[in-house]
Each structure stands twice: as C-alpha cells, then as structure tokens.
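Undergrad: Starting off with a structure, shown below.
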Amino acid sequence: MKHSEHLLAVVEPNETGEVSLDIATDHVARGGKATLLIMLNQQAREDFRRFADAENRHVYNGEAVALDRLVNTYTSRVGGEDTEAIVTDSTNSARDLLHVAAESRATSIVIPQRLAARRGLRKLVTNSTLPVLIAPAA
C-alpha cells in the first residue's frame with residue numbers, strides 16, 4: 001500500500017517513553033505508515049536479564065525472546081500491516097536517528113519528551129529538516 005505520510009516514532013520501553021506509540025497508532029489509523037525506532041536503555045536490558053533468569057534461559061536467549069515479544073507487542077498495538085520496528089541502543093546519537101529517518105523515508109518524527117531533552121537529541125529537534133513532534137509525558 002502506498003502511504004503519503006510516514007512517521008518515525010521513537011519509543012523507549014518505560015512508562016513515559018511509550019507515548020509515541022499512541023501517536024503512531026493514530027497516524028496509522030488515518031492511513032499513514034509508521035516505523036518504530038525502539039531505543040533500549042539500561043533499565044530495559046536489566047528487565048530482559050531478569051526475564052531470562054525467571055524463565056531459566058541463557059541470558060542471550062532470554063533477551064532475544066523478551067525483545068521479540070516487545071517488538072510484537074508494539075507493532076500489534078500500532079497496527080498496520082507494514083509497520084516496521086528497528087531496535088537500537090538509547091546511547092545512539094541524533095545522527096544515527098536521522099540516518100534511520102532517511103533510510104525509512106520518514107516524513108516526520110515523534111520523540112518522547114524525556115529523550116528530546118537529551119543533549120545529543122536536542123540538536124535533532126532544532127536542526128532536522130523533517131517536522132519533529134515532541135510527545136509529552138503521559
């Protein structure tokens with residue numbers, strides 16, 4: 001399906017970092033496309049390790065299973081048959097984020113307020129040639 005609008009939704013798995021998912025869901029419901037950029041922080045990685053321990057799995061296997069479930073949950077929540085998800089580390093720079101935006105052919109970006117306040121990502125917000133929406137904490 002051809003979409004005229006393509007949103008890159010930056011998501012961080014925590015209570016305030018998922019607000020971008022709601023915006024992406026609305027975007028897809030209106031006929032747009034969404035790509036989810038899931039930025040894993042240290043807390044998410046620790047949660048994956050605890051999951052691996054609880055499931056009596058090897059750490060890497062447990063992390064892979066937990067990450068797969070997280071990606072499936074997020075893409076299902078947003079909807080759209082062609083919603084994609086990219087997983088990266090939260091320490092990546094704004095340059096990396098802009099690269100993902102260009103590669104995915106995004107027409108706009110939504111980023112959680114907490115991430116947008118980080119020094120490296122503040123430059124993205126002010127210097128991006130794409131419209132950037134700062135998603136307030138829920």
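To be explicit about the labels: the chains of the structure tokens are called A, B, and onward in the order shown, and within each one the residues are counted from 1, while ligands get numbers from 1 in the order they are shown.
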Which residues are near stretch 37-54 of chain A? Cut-off 7 Å, only C-alpha atoms, ignore same chain within fewer than 2 positions. Put them as an NGL selection string.

TA: :A and (8-13 or 35 or 56-59 or 62-63 or 66 or 85-90)

Undergrad: Store the residues of this selection in a file with N, CA and C atoms, as a PDB file, in the first residue's frame.

TA:
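Listing of part-v9.pdb after writing:
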```pdb
ATOM      1  N   LEU A   8       8.182   8.314  11.763  1.00  0.00           N
ATOM      2  CA  LEU A   8       9.187   7.584  12.526  1.00  0.00           C
ATOM      3  C   LEU A   8       8.901   7.867  13.990  1.00  0.00           C
ATOM      4  N   ALA A   9       8.439   6.855  14.707  1.00  0.00           N
ATOM      5  CA  ALA A   9       8.080   7.009  16.116  1.00  0.00           C
ATOM      6  C   ALA A   9       9.195   6.440  16.984  1.00  0.00           C
ATOM      7  N   VAL A  10       9.860   7.314  17.714  1.00  0.00           N
ATOM      8  CA  VAL A  10      10.925   6.900  18.620  1.00  0.00           C
ATOM      9  C   VAL A  10      10.268   6.477  19.928  1.00  0.00           C
ATOM     10  N   VAL A  11      10.592   5.276  20.372  1.00  0.00           N
ATOM     11  CA  VAL A  11       9.962   4.697  21.555  1.00  0.00           C
ATOM     12  C   VAL A  11      11.041   4.208  22.514  1.00  0.00           C
ATOM     13  N   GLU A  12      10.830   4.476  23.789  1.00  0.00           N
ATOM     14  CA  GLU A  12      11.709   3.939  24.819  1.00  0.00           C
ATOM     15  C   GLU A  12      10.833   3.123  25.768  1.00  0.00           C
ATOM     16  N   PRO A  13      11.167   1.840  25.976  1.00  0.00           N
ATOM     17  CA  PRO A  13      10.308   1.000  26.812  1.00  0.00           C
ATOM     18  C   PRO A  13      10.340   1.416  28.284  1.00  0.00           C
ATOM     19  N   THR A  35       7.073   3.643  11.295  1.00  0.00           N
ATOM     20  CA  THR A  35       8.240   2.831  11.622  1.00  0.00           C
ATOM     21  C   THR A  35       8.573   3.141  13.071  1.00  0.00           C
ATOM     22  N   ASN A  56      14.471 -19.317  33.334  1.00  0.00           N
ATOM     23  CA  ASN A  56      15.572 -20.294  33.331  1.00  0.00           C
ATOM     24  C   ASN A  56      16.184 -20.454  31.942  1.00  0.00           C
ATOM     25  N   ARG A  57      16.434 -19.323  31.305  1.00  0.00           N
ATOM     26  CA  ARG A  57      17.033 -19.311  29.968  1.00  0.00           C
ATOM     27  C   ARG A  57      18.435 -18.720  30.047  1.00  0.00           C
ATOM     28  N   HIS A  58      19.227 -19.053  29.061  1.00  0.00           N
ATOM     29  CA  HIS A  58      20.522 -18.399  28.913  1.00  0.00           C
ATOM     30  C   HIS A  58      20.242 -16.911  28.675  1.00  0.00           C
ATOM     31  N   VAL A  59      21.088 -16.040  29.168  1.00  0.00           N
ATOM     32  CA  VAL A  59      20.839 -14.592  29.107  1.00  0.00           C
ATOM     33  C   VAL A  59      20.534 -14.129  27.686  1.00  0.00           C
ATOM     34  N   GLY A  62      17.190 -15.499  26.472  1.00  0.00           N
ATOM     35  CA  GLY A  62      16.096 -14.839  27.175  1.00  0.00           C
ATOM     36  C   GLY A  62      15.888 -13.412  26.698  1.00  0.00           C
ATOM     37  N   GLU A  63      16.996 -12.694  26.471  1.00  0.00           N
ATOM     38  CA  GLU A  63      16.890 -11.328  25.954  1.00  0.00           C
ATOM     39  C   GLU A  63      16.251 -11.326  24.573  1.00  0.00           C
ATOM     40  N   ALA A  66      12.494 -11.963  24.984  1.00  0.00           N
ATOM     41  CA  ALA A  66      11.827 -10.779  25.546  1.00  0.00           C
ATOM     42  C   ALA A  66      11.763  -9.649  24.528  1.00  0.00           C
ATOM     43  N   ALA A  85       9.693  -2.258  12.805  1.00  0.00           N
ATOM     44  CA  ALA A  85      10.348  -1.894  14.060  1.00  0.00           C
ATOM     45  C   ALA A  85      11.851  -2.071  13.904  1.00  0.00           C
ATOM     46  N   ILE A  86      12.574  -1.092  14.396  1.00  0.00           N
ATOM     47  CA  ILE A  86      14.036  -1.123  14.412  1.00  0.00           C
ATOM     48  C   ILE A  86      14.436  -0.968  15.870  1.00  0.00           C
ATOM     49  N   VAL A  87      15.347  -1.813  16.329  1.00  0.00           N
ATOM     50  CA  VAL A  87      15.787  -1.759  17.719  1.00  0.00           C
ATOM     51  C   VAL A  87      17.219  -1.247  17.739  1.00  0.00           C
ATOM     52  N   THR A  88      17.466  -0.300  18.638  1.00  0.00           N
ATOM     53  CA  THR A  88      18.801   0.264  18.781  1.00  0.00           C
ATOM     54  C   THR A  88      19.059   0.589  20.244  1.00  0.00           C
ATOM     55  N   ASP A  89      20.256   0.960  20.541  1.00  0.00           N
ATOM     56  CA  ASP A  89      20.634   1.341  21.894  1.00  0.00           C
ATOM     57  C   ASP A  89      20.305   2.803  22.123  1.00  0.00           C
ATOM     58  N   SER A  90      19.862   3.142  23.314  1.00  0.00           N
ATOM     59  CA  SER A  90      19.455   4.527  23.591  1.00  0.00           C
ATOM     60  C   SER A  90      20.627   5.495  23.606  1.00  0.00           C
TER      61      SER A  90
END
```

Undergrad: Select from stretch 16-84 of chain A everything DSSP, run on the backbone, classes as helix (DSSP H, G or I), then give the selection as a PyMOL selection string.

TA: chain A and resi 19-29+42-54+59-78

Undergrad: With a distance cut-off of 7 Å and only C-alpha atoms, select the neighbouring residues of stretch 131-133 of chain A, excluding the residue or stretch itself and same-chain residues fewer than 5 positions from it, and output the selection as a PyMOL selection string.

TA: chain A and resi 108-111+125

Undergrad: Can you list, as a VMD selection string, every residue of chain A that DSSP puts in strand (DSSP E)?

TA: chain A and resid 6 to 11 33 to 40 84 to 89 108 to 112 132 to 135

Undergrad: If you measure from atom CA of A:Glu18 to atom CA of A:Pro112, what distance in Å do you get, rounded to one decimal?

TA: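 Computed distance, atom CA of A:Glu18 to atom CA of A:Pro112, equals 7.5 Å.
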
Undergrad: Mind checking which residues fall within 9 Å of A:Tyr74, counting only C-alpha atoms, ignoring those fewer than 5 positions away in the same chain, and posting them as a list of chain:residue names?

TA: A:Leu21, A:Leu36, A:Arg69, A:Gly79, A:Ala85

Undergrad: Quick one: pull the distance between atom CA of A:Ile23 and atom CA of A:Leu121, Å, one decimal.

TA: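 One can read the atom CA of A:Ile23 to atom CA of A:Leu121 distance as 19.3 Å.
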
Undergrad: Would you mind telling me which residue in A:Ser20, A:Leu130, A:Glu15, A:Pro136 lies nearest to A:Thr107 when using only C-alpha atoms?

TA: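 Answer, going by the shortest atom-to-atom distance: A:Leu130.
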
Undergrad: What is the distance, in Å and to one decimal place, between atom CA of A:Ala64 and atom CA of A:Val78?

TA: 21.2 Å

Undergrad: What's around stretch 94-98 of chain A at 9 Å? Count only C-alpha atoms, leave out sequence neighbours fewer than 2 positions away in its own chain, and write the answer as a PyMOL selection string.

TA: chain A and resi 10+37+92+100-103+120-125+128
